[in-house]
>>> print(open('query-v1.txt').read())   # compact mmCIF, C-alpha atoms
# COMPACT_ATOMS: atom_id res chain seq x y z
CA MET A 1 -76.86 187.03 37.99
CA THR A 2 -73.92 188.04 40.14
CA HIS A 3 -70.68 186.11 40.39
CA LEU A 4 -71.47 185.29 44.05
CA THR A 5 -74.90 183.91 43.14
CA THR A 6 -73.43 181.81 40.33
CA ARG A 7 -70.73 180.49 42.66
CA ARG A 8 -73.25 179.65 45.38
CA LEU A 9 -75.54 177.88 42.91
CA GLY A 10 -72.57 175.81 41.74
CA ILE A 11 -71.64 174.95 45.32
CA LEU A 12 -75.25 174.04 46.17
CA ALA A 13 -75.47 171.80 43.11
CA LEU A 14 -72.16 170.13 43.97
CA LEU A 15 -73.18 169.56 47.60
CA ALA A 16 -76.53 168.12 46.51
CA LEU A 17 -74.82 165.82 44.01
CA VAL A 18 -72.26 164.57 46.56
CA MET A 19 -74.93 163.95 49.17
CA ALA A 20 -77.25 162.17 46.76
CA ALA A 21 -74.46 160.03 45.32
CA THR A 22 -73.11 158.95 48.70
CA ARG A 23 -76.44 158.69 50.52
CA PHE A 24 -77.75 156.35 47.83
CA HIS A 25 -74.97 154.01 48.89
CA HIS A 26 -75.59 154.54 52.61
CA PHE A 27 -75.60 150.82 53.24
CA THR A 28 -72.55 149.98 51.13
CA ALA A 29 -68.82 150.71 51.21
CA ILE A 30 -69.07 154.36 50.11
CA PRO A 31 -69.41 156.47 53.26
CA ASP A 32 -72.35 158.87 53.44
CA ALA A 33 -71.17 162.49 53.06
CA SER A 34 -74.39 164.06 54.39
CA TRP A 35 -72.87 165.33 57.63
CA ALA A 36 -70.02 167.03 55.79
CA VAL A 37 -72.45 168.42 53.21
CA PHE A 38 -74.53 170.16 55.87
CA PHE A 39 -71.43 171.61 57.53
CA LEU A 40 -70.14 172.86 54.18
CA GLY A 41 -73.59 174.22 53.35
CA GLY A 42 -73.43 176.39 56.44
CA PHE A 43 -69.94 177.53 55.51
CA TYR A 44 -70.50 178.34 51.83
CA LEU A 45 -74.23 179.11 51.64
CA ARG A 46 -74.59 181.27 54.74
CA GLY A 47 -76.76 183.85 52.99
CA TRP A 48 -79.11 181.16 51.71
CA THR A 49 -79.82 179.27 54.93
CA ARG A 50 -83.59 179.88 54.84
CA TRP A 51 -84.06 177.92 51.65
CA ALA A 52 -80.82 175.98 51.02
CA PHE A 53 -80.95 174.11 54.33
CA PRO A 54 -84.57 172.92 53.84
CA LEU A 55 -83.78 172.02 50.24
CA LEU A 56 -80.84 169.81 51.24
CA LEU A 57 -82.89 168.32 54.08
CA ALA A 58 -85.69 167.48 51.64
CA LEU A 59 -83.12 165.91 49.31
CA ALA A 60 -81.83 163.73 52.17
CA VAL A 61 -85.34 162.52 53.00
CA GLY A 62 -86.09 162.01 49.31
CA VAL A 63 -82.99 159.88 48.83
CA ASP A 64 -83.84 157.82 51.91
CA TYR A 65 -87.38 157.32 50.60
CA PHE A 66 -86.09 156.25 47.19
CA VAL A 67 -83.51 153.85 48.63
CA ILE A 68 -85.88 152.24 51.15
CA THR A 69 -88.83 151.87 48.76
CA GLY A 70 -86.43 150.76 46.01
CA GLN A 71 -85.64 147.74 48.19
CA GLY A 72 -89.32 146.87 48.24
CA LEU A 73 -89.75 148.08 51.82
CA ASN A 74 -92.30 150.44 53.30
CA PHE A 75 -90.65 153.78 54.11
CA TRP A 76 -92.89 154.47 57.12
CA THR A 77 -92.24 151.08 58.78
CA HIS A 78 -88.49 150.90 58.08
CA TYR A 79 -86.38 150.67 61.23
CA CYS A 80 -84.58 153.93 60.36
CA VAL A 81 -87.85 155.85 60.04
CA SER A 82 -89.03 155.97 63.63
CA PRO A 83 -90.04 159.11 65.53
CA ALA A 84 -86.28 159.63 65.91
CA TYR A 85 -85.89 160.09 62.14
CA TRP A 86 -87.34 163.58 62.35
CA PHE A 87 -84.61 164.57 64.82
CA LEU A 88 -82.27 164.57 61.83
CA ALA A 89 -83.49 168.12 61.12
CA PRO A 90 -82.03 169.62 64.33
CA ALA A 91 -79.03 167.30 64.10
CA TYR A 92 -78.19 168.52 60.58
CA LEU A 93 -78.93 172.08 61.64
CA ALA A 94 -76.19 171.74 64.28
CA LEU A 95 -73.75 170.90 61.48
CA TRP A 96 -75.00 173.79 59.35
CA LEU A 97 -74.60 176.21 62.28
CA GLY A 98 -71.06 174.92 62.87
CA GLY A 99 -70.13 175.79 59.28
CA LEU A 100 -71.94 179.11 59.54
CA TRP A 101 -70.08 180.01 62.74
CA LEU A 102 -66.73 179.20 61.12
CA ALA A 103 -67.48 181.21 57.98
CA ARG A 104 -68.50 184.30 59.93
CA ARG A 105 -65.43 184.38 62.13
CA HIS A 106 -62.51 183.11 60.10
CA THR A 107 -62.18 184.26 56.51
CA GLN A 108 -58.37 184.16 56.23
CA LEU A 109 -56.14 181.10 56.50
CA SER A 110 -54.13 181.29 59.71
CA PRO A 111 -53.17 178.99 62.57
CA ALA A 112 -56.08 180.41 64.58
CA ALA A 113 -58.47 179.65 61.71
CA VAL A 114 -57.24 176.05 61.51
CA VAL A 115 -57.79 175.60 65.26
CA ALA A 116 -61.23 177.22 64.98
CA ALA A 117 -62.11 174.94 62.06
CA ALA A 118 -61.10 171.84 64.01
CA ALA A 119 -63.04 173.02 67.07
CA SER A 120 -66.16 173.91 65.09
CA VAL A 121 -66.12 170.52 63.32
CA LEU A 122 -65.66 168.70 66.62
CA VAL A 123 -68.46 170.59 68.37
CA ALA A 124 -70.88 170.46 65.42
CA VAL A 125 -70.33 166.74 64.79
CA SER A 126 -70.62 165.98 68.51
CA VAL A 127 -73.91 167.85 68.86
CA CYS A 128 -75.26 166.27 65.68
CA TYR A 129 -74.23 162.84 66.91
CA LEU A 130 -75.78 163.31 70.34
CA ILE A 131 -79.07 164.40 68.77
CA SER A 132 -79.23 161.76 66.05
CA ASN A 133 -77.85 158.86 68.07
CA GLY A 134 -79.67 159.80 71.25
CA SER A 135 -83.03 160.19 69.54
CA PHE A 136 -82.61 156.87 67.72
CA TYR A 137 -81.51 155.05 70.85
CA TRP A 138 -84.26 156.41 73.11
CA LEU A 139 -87.17 156.74 70.66
CA SER A 140 -86.72 153.96 68.15
CA PRO A 141 -88.52 150.66 68.69
CA SER A 142 -85.35 149.02 67.31
CA VAL A 143 -83.75 149.33 70.75
CA ALA A 144 -85.57 146.77 72.86
CA ASP A 145 -84.49 147.78 76.36
CA PRO A 146 -82.86 151.23 76.41
CA SER A 147 -80.70 152.10 79.40
CA LEU A 148 -78.19 154.79 80.24
CA GLY A 149 -75.36 152.25 80.21
CA GLY A 150 -76.50 150.89 76.86
CA TRP A 151 -76.65 154.37 75.39
CA VAL A 152 -73.15 155.22 76.62
CA LYS A 153 -71.85 152.01 75.03
CA ASN A 154 -73.71 152.82 71.81
CA LEU A 155 -72.24 156.32 71.81
CA GLY A 156 -68.76 154.86 72.20
CA ASP A 157 -69.28 152.30 69.43
CA TRP A 158 -70.35 154.77 66.74
CA TYR A 159 -69.03 158.24 67.61
CA LEU A 160 -65.47 157.91 66.30
CA PRO A 161 -66.48 156.38 62.93
CA TYR A 162 -68.97 159.22 62.33
CA LEU A 163 -66.40 161.84 63.39
CA ALA A 164 -63.69 160.26 61.22
CA ASN A 165 -65.94 159.96 58.17
CA THR A 166 -67.12 163.57 58.40
CA THR A 167 -63.61 164.86 59.07
CA LEU A 168 -62.24 162.96 56.07
CA TYR A 169 -64.78 164.55 53.71
CA LEU A 170 -64.21 167.99 55.24
CA ALA A 171 -60.43 167.64 54.91
CA GLY A 172 -60.90 166.83 51.23
CA ALA A 173 -63.16 169.86 50.82
CA ALA A 174 -60.62 172.06 52.62
CA ALA A 175 -57.86 170.84 50.30
CA LEU A 176 -60.00 171.62 47.25
CA HIS A 177 -60.83 175.04 48.71
CA LEU A 178 -57.13 175.83 49.22
CA LEU A 179 -56.21 174.61 45.74
CA GLY A 180 -59.00 176.68 44.20
CA THR A 181 -57.91 179.77 46.15
CA LEU A 182 -54.27 179.35 45.10
CA LEU A 183 -55.26 178.79 41.47
CA PHE A 184 -57.50 181.87 41.50
CA ARG A 185 -54.73 184.02 43.02
CA THR A 186 -52.18 182.72 40.52
CA LEU A 187 -54.45 183.42 37.57
CA ALA A 188 -55.29 186.87 38.93
CA ALA A 189 -51.58 187.67 39.40
CA HIS A 190 -50.80 186.58 35.81
CA GLY A 191 -53.71 188.69 34.56
CA ASP A 192 -52.45 191.75 36.46
CA ARG A 193 -48.94 191.30 35.05
CA ALA A 194 -50.32 190.96 31.52
CA LEU A 195 -52.34 194.17 31.93
CA SER A 196 -49.33 196.12 33.25
CA ARG A 197 -47.18 195.32 30.22
>>> encode(input="query-v1.txt", output="structure tokens")
Amino acid sequence: MTHLTTRRLGILALLALVMAATRFHHFTAIPDASWAVFFLGGFYLRGWTRWAFPLLLALAVGVDYFVITGQGLNFWTHYCVSPAYWFLAPAYLALWLGGLWLARRHTQLSPAAVVAAAASVLVAVSVCYLISNGSFYWLSPSVADPSLGGWVKNLGDWYLPYLANTTLYLAGAAALHLLGTLLFRTLAAHGDRALSR
């Protein structure tokens, strides 16, 4: 097994763990990290999209099923599981593609890369939000009398919290990425010095 494969397996396991742990508490004080997880999946697991994306998507549905049925409710009649629920696949794919786009174009830390990261997060989260919120608003029986004005108000009520939550998780991941990179470079430099003595 190559170093890259080992690293990607570790990242996939960590992303799955974070999503499962926070999605289990979707209805409590711990914010759900799923949106950030799919963005980071696209960034770190770009060579594994064909199977890593469906695997994380299946995990998300599995956690939802476990949480809903664990409350004694029927998964298929829960208000979150309407025809709109299945639009989470393209919504999460938008996040994945945002991470993928960023990884393919900006591999070095620079001011341009920071701007690109902010732009890709903003676009990916916005597209994901429009798909997920729009499908729920227009297709879910939970919304009694959908209207364009009502949807615009709904968009305004929930967009910033979703953007802030995702951005907070991604900022934490970026900080860990930078710390890991600096630590790796420091250890490599010490190793090179030791070898040259």
>>> residues_around(input="query-v1.txt", residues="Ala58 in chain A", least_positions_apart="5", cutoff="12 Å", atoms="only C-alpha atoms", output="list in words")
Ala16, Met19, Ala20, Trp51, Ala52, Phe53, Val63, Asp64, Tyr65, Trp86, Leu88, Ala89 and Tyr92 of chain A
>>> closest_residue(input="query-v1.txt", among="A:Ala13, A:Ser110, A:Ser132, A:Leu100", to="Tyr159 in chain A", atoms="all atoms listed in the file")
A:Ser132
>>> closest_residue(input="query-v1.txt", among="A:Ala164, A:Leu12, A:Ala174, A:Ile30", to="Tyr44 in chain A", atoms="only C-alpha atoms")
A:Leu12
>>> closest_residue(input="query-v1.txt", among="A:Tyr129, A:Trp76, A:Phe87, A:Phe66", to="Thr166 in chain A", atoms="all atoms listed in the file")
A:Tyr129
>>> residues_around(input="query-v1.txt", residues="Phe38 in chain A", least_positions_apart="5", cutoff="12 Å", atoms="only C-alpha atoms", output="ChimeraX atom specification")
/A:11-12,15-16,18-19,32-33,43-46,49,52-57,59-60,88-100,121,124-125,128,166,169-170
>>> residues_near_point(input="query-v1.txt", point="(-60.5, 178.7, 59.3)", cutoff="10 Å", atoms="only C-alpha atoms", output="list in words")
Leu102, Ala103, Arg104, Arg105, His106, Thr107, Gln108, Leu109, Ser110, Pro111, Ala112, Ala113, Val114, Val115, Ala116, Ala117, Ala118, Ala119, Ser120 and Ala174 of chain A
>>> atom_distance(input="query-v1.txt", atom1="CA of Trp158 in chain A", atom2="CA of Ser126 in chain A")
11.4 Å
>>> atom_distance(input="query-v1.txt", atom1="CA of Leu178 in chain A", atom2="CA of Leu4 in chain A")
17.9 Å
>>> atom_distance(input="query-v1.txt", atom1="CA of Ala175 in chain A", atom2="CA of Tyr162 in chain A")
20.1 Å
>>> closest_residue(input="query-v1.txt", among="A:Ala84, A:Ala171, A:Ile68, A:Val37", to="Leu130 in chain A", atoms="only C-alpha atoms")
A:Ala84
